[in-house]
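Each remark here refers to the structure printed beneath this line.
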Amino acid sequence: MATAASTTGGGGGLSRSASAIVAVTESGQHLLRIDGYSHTMDVPTGSDIKSPPFRVGGHSWRICYYPNGLSSAWTEYISLFLQLDGDAPQGVWARHTFSLLGREGKPVPYFTNSGKKIFTDWGTSAFIRRSELERSEHLRDDSFTIRCDVTVVKEIQTKTVDVGAAPAVVPPSDLHRHLGGLLATGEAADVAFEVDGKTFMAHRCVLMARSPVLRAQLSGLSEESADAGGGFTIAVRIEDMEEQDFEALLRYMYTDSLPEMGEQGEAAAMLPDLVAAANRYGMERLRLLCEDKLRELVDARTVAAILAFAGEHHCHGLKEACLRFLSDPENLREAVKTNGLEHLSKSCPSVLVDLIAKLAAE
């Protein structure tokens with residue numbers, strides 16, 4: 001925050017000044033791994049297990065883990081709270097975020113909770129439903145990890161600032177545009193993918209950086225054909241994928257974005273294929289991005305097909321969104337009219353069992 005003032009006098013002179021209010025902060029992270037999760041279920045509701053203390057911003061903190069919820073109102077959930085440890089002074093301003101970490105050690109977007117407060121303690125009673133955690137891929141070998149990000153406001157400073165030249169305006173990053181242009185022109189490409197009768201030129205270094213699967217595949221291949229410029233190109237044939245899906249996958253690798261999908265039908269047709277491609281090439285963020293867009297398409301007409309897809313491809317967040325939609329009696333009645341649930345009972349009966357269990361728990 002900055003302020004400025006100017007005055008004029010009889011001599012016509014102009015006096016200019018400026019000041020700034022600066023919040024000085026310190027940030028830190030703490031990883032809390034829960035090993036033997038099933039055994040922590042023996043802790044009664046309302047009782048917590050505290051982490052060892054860790055320091056951020058000159059203060060000592062602990063994470064309070066309630067495996068059976070903070071109170072009787074939250075017995076289906078894991079509750080998490082951040083607590084100042086010891087005799088800390090009152091009035092500590094802090095911001096925190098709790099995140100469940102996925103397979104790649106990155107936060108899972110659906111299971112992230114933030115808050116800010118003048119602390120003694122603060123958190124969430126409903127961090128994650130235990131049944132949802134237990135069905136997810138994030139609980140592995142009876143273990144999962146939570147990351148706590150803490151930012152502490154240490155002091156508020158005021159200072160005088162220079163009112164000379166205006167600060168330079170830094171434009172937003174255009175790396176995606178440059179890489180997208182490189183893909184579009186094929187300049188210096190050294191990999192040729194043949195997909196569904198069409199050839200796509202790409203750059204091995206980009207692909208290996210974006211996909212661990214392609215890194216393993218391409219690092220073991222040798223150059224097979226010389227191009228007109230005297231360079232060499234690796235030829236790769238891709239099976240079981242349509243050209244428009246592979247083109248969208250390449251676009252995401254270079255630009256970190258999906259193509260525009262104007263019609264709902266177009267999105268409904270392509271997004272499941274991209275989820276399958278993301279699983280095939282180990283691209284977790286792409287999978288989650290497509291799941292999030294598929295969630296927007298859930299309605300009475302599509303829910304049965306999307307629910308069956310989510311069950312088949314282990315899309316736990318998408319599956320839970322479909323089950324929540326069907327837990328509304330009106331939505332369920334409309335979905336039954338489409339005969340989609342009848343098809344679901346034959347094609348994916350285990351998902352229907354989950355739906356019945358959720359309705360029974362409501």
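For the structure tokens, the naming scheme is as follows: chains receive sequential letters (A, B, ...) according to their order of presentation, residues are indexed from 1 within each chain, and ligands are indexed from 1 in presentation order.
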Would you give me, as a ChimeraX atom specification, the residues in region 50-242 of chain A that DSSP reads as strand (DSSP E)?
/A:50,54-56,59-66,77-84,92-101,107-119,121-129,143-160,191-195,198-202,225-226,232-238
Would you put the residues from that selection into a file with C-alpha atoms, as a PDB file, in the first residue's frame?
ATOM      1  CA  LYS A  50      -0.629 -33.526  18.038  1.00  0.00           C
ATOM      2  CA  PHE A  54       7.731 -26.828  14.182  1.00  0.00           C
ATOM      3  CA  ARG A  55       8.753 -23.174  13.859  1.00  0.00           C
ATOM      4  CA  VAL A  56       7.570 -20.546  11.379  1.00  0.00           C
ATOM      5  CA  HIS A  59       6.631 -19.019  16.700  1.00  0.00           C
ATOM      6  CA  SER A  60       6.197 -22.696  17.480  1.00  0.00           C
ATOM      7  CA  TRP A  61       3.230 -24.535  15.950  1.00  0.00           C
ATOM      8  CA  ARG A  62       1.582 -27.947  16.112  1.00  0.00           C
ATOM      9  CA  ILE A  63      -0.953 -29.679  13.865  1.00  0.00           C
ATOM     10  CA  CYS A  64      -3.871 -31.250  15.732  1.00  0.00           C
ATOM     11  CA  TYR A  65      -5.125 -34.374  13.917  1.00  0.00           C
ATOM     12  CA  TYR A  66      -8.612 -35.606  14.872  1.00  0.00           C
ATOM     13  CA  TYR A  77     -14.599 -36.637   8.810  1.00  0.00           C
ATOM     14  CA  ILE A  78     -10.949 -36.082   9.641  1.00  0.00           C
ATOM     15  CA  SER A  79     -10.564 -32.707  11.363  1.00  0.00           C
ATOM     16  CA  LEU A  80      -7.330 -30.669  11.270  1.00  0.00           C
ATOM     17  CA  PHE A  81      -6.330 -27.621  13.281  1.00  0.00           C
ATOM     18  CA  LEU A  82      -3.193 -25.485  13.483  1.00  0.00           C
ATOM     19  CA  GLN A  83      -2.300 -24.499  17.032  1.00  0.00           C
ATOM     20  CA  LEU A  84       0.190 -22.075  18.549  1.00  0.00           C
ATOM     21  CA  VAL A  92      -0.369 -13.450  16.009  1.00  0.00           C
ATOM     22  CA  TRP A  93      -1.653 -12.839  12.480  1.00  0.00           C
ATOM     23  CA  ALA A  94      -1.181 -15.871  10.257  1.00  0.00           C
ATOM     24  CA  ARG A  95      -2.544 -17.570   7.175  1.00  0.00           C
ATOM     25  CA  HIS A  96      -2.507 -21.345   6.737  1.00  0.00           C
ATOM     26  CA  THR A  97      -3.443 -23.994   4.181  1.00  0.00           C
ATOM     27  CA  PHE A  98      -3.915 -27.724   4.764  1.00  0.00           C
ATOM     28  CA  SER A  99      -3.443 -29.903   1.656  1.00  0.00           C
ATOM     29  CA  LEU A 100      -3.705 -33.627   1.086  1.00  0.00           C
ATOM     30  CA  LEU A 101      -0.722 -34.673  -1.043  1.00  0.00           C
ATOM     31  CA  PRO A 107      -1.580 -30.921  -3.293  1.00  0.00           C
ATOM     32  CA  VAL A 108      -4.852 -32.505  -4.423  1.00  0.00           C
ATOM     33  CA  PRO A 109      -7.082 -29.531  -5.429  1.00  0.00           C
ATOM     34  CA  TYR A 110     -10.306 -31.057  -4.072  1.00  0.00           C
ATOM     35  CA  PHE A 111      -8.796 -31.592  -0.621  1.00  0.00           C
ATOM     36  CA  THR A 112      -7.234 -28.232   0.231  1.00  0.00           C
ATOM     37  CA  ASN A 113      -8.459 -25.915   2.985  1.00  0.00           C
ATOM     38  CA  SER A 114      -7.255 -22.403   3.814  1.00  0.00           C
ATOM     39  CA  GLY A 115      -7.866 -19.902   6.596  1.00  0.00           C
ATOM     40  CA  LYS A 116      -6.465 -16.794   8.258  1.00  0.00           C
ATOM     41  CA  LYS A 117      -6.864 -15.529  11.777  1.00  0.00           C
ATOM     42  CA  ILE A 118      -5.392 -13.865  14.834  1.00  0.00           C
ATOM     43  CA  PHE A 119      -4.233 -17.172  16.225  1.00  0.00           C
ATOM     44  CA  ASP A 121      -5.758 -22.115  16.845  1.00  0.00           C
ATOM     45  CA  TRP A 122      -7.727 -22.457  13.628  1.00  0.00           C
ATOM     46  CA  GLY A 123      -8.558 -25.171  11.123  1.00  0.00           C
ATOM     47  CA  THR A 124     -11.321 -27.236   9.558  1.00  0.00           C
ATOM     48  CA  SER A 125     -13.719 -29.736  11.088  1.00  0.00           C
ATOM     49  CA  ALA A 126     -14.390 -31.351   7.697  1.00  0.00           C
ATOM     50  CA  PHE A 127     -10.999 -31.642   6.010  1.00  0.00           C
ATOM     51  CA  ILE A 128     -11.896 -34.908   4.263  1.00  0.00           C
ATOM     52  CA  ARG A 129     -14.561 -37.559   4.665  1.00  0.00           C
ATOM     53  CA  SER A 143      -0.499 -44.066   4.955  1.00  0.00           C
ATOM     54  CA  PHE A 144      -1.152 -40.551   3.644  1.00  0.00           C
ATOM     55  CA  THR A 145       0.526 -37.140   3.926  1.00  0.00           C
ATOM     56  CA  ILE A 146      -0.808 -33.678   4.755  1.00  0.00           C
ATOM     57  CA  ARG A 147       1.088 -30.472   3.990  1.00  0.00           C
ATOM     58  CA  CYS A 148       0.567 -27.401   6.119  1.00  0.00           C
ATOM     59  CA  ASP A 149       1.654 -24.056   4.630  1.00  0.00           C
ATOM     60  CA  VAL A 150       1.929 -21.213   7.156  1.00  0.00           C
ATOM     61  CA  THR A 151       2.559 -17.513   6.521  1.00  0.00           C
ATOM     62  CA  VAL A 152       3.054 -15.289   9.584  1.00  0.00           C
ATOM     63  CA  VAL A 153       2.867 -11.487   9.510  1.00  0.00           C
ATOM     64  CA  LYS A 154       5.898 -10.508  11.616  1.00  0.00           C
ATOM     65  CA  GLU A 155       5.497  -6.727  11.536  1.00  0.00           C
ATOM     66  CA  ILE A 156       3.983  -3.825   9.633  1.00  0.00           C
ATOM     67  CA  GLN A 157       6.499  -1.253   8.427  1.00  0.00           C
ATOM     68  CA  THR A 158       6.095   2.212   6.975  1.00  0.00           C
ATOM     69  CA  LYS A 159       8.734   3.805   4.816  1.00  0.00           C
ATOM     70  CA  THR A 160       9.325   6.651   2.413  1.00  0.00           C
ATOM     71  CA  VAL A 191      10.078 -36.682 -33.022  1.00  0.00           C
ATOM     72  CA  ALA A 192       7.410 -37.724 -35.549  1.00  0.00           C
ATOM     73  CA  PHE A 193       4.252 -39.301 -34.106  1.00  0.00           C
ATOM     74  CA  GLU A 194       1.969 -41.210 -36.431  1.00  0.00           C
ATOM     75  CA  VAL A 195      -1.550 -41.237 -35.004  1.00  0.00           C
ATOM     76  CA  LYS A 198      -1.763 -38.321 -39.387  1.00  0.00           C
ATOM     77  CA  THR A 199       1.795 -37.237 -38.523  1.00  0.00           C
ATOM     78  CA  PHE A 200       2.547 -34.831 -35.659  1.00  0.00           C
ATOM     79  CA  MET A 201       6.010 -33.271 -35.256  1.00  0.00           C
ATOM     80  CA  ALA A 202       7.239 -32.550 -31.742  1.00  0.00           C
ATOM     81  CA  SER A 225      15.453 -41.101 -40.385  1.00  0.00           C
ATOM     82  CA  ALA A 226      17.312 -38.045 -41.613  1.00  0.00           C
ATOM     83  CA  PHE A 232      17.420 -36.777 -37.374  1.00  0.00           C
ATOM     84  CA  THR A 233      13.865 -37.646 -36.415  1.00  0.00           C
ATOM     85  CA  ILE A 234      12.549 -40.371 -34.111  1.00  0.00           C
ATOM     86  CA  ALA A 235       9.451 -42.097 -35.517  1.00  0.00           C
ATOM     87  CA  VAL A 236       6.806 -43.255 -33.032  1.00  0.00           C
ATOM     88  CA  ARG A 237       3.476 -44.917 -33.827  1.00  0.00           C
ATOM     89  CA  ILE A 238       0.634 -44.321 -31.348  1.00  0.00           C
TER      90      ILE A 238
END
Closest to Asp190 (chain A) among A:Arg287, A:Arg280, A:His203, A:Lys346, using only C-alpha atoms?
A:His203
Which is closest to Ser257 (chain A) among A:Gly86, A:Pro212, A:Gly220, A:Gly180, if we use only C-alpha atoms?
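Using only C-alpha atoms, Ser257 (chain A) sits closest to A:Gly180.
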Which residue out of A:Cys322, A:Ala300, A:Cys315, A:Val170 has the minimum interatomic distance to Val336 (chain A) when only C-alpha atoms are used?
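Comparing A:Cys322, A:Ala300, A:Cys315, A:Val170 against Val336 (chain A), the winner is A:Ala300.
Counting from CA of Glu76 (chain A), the distance to CA of Pro44 (chain A) is 12.2 Å.
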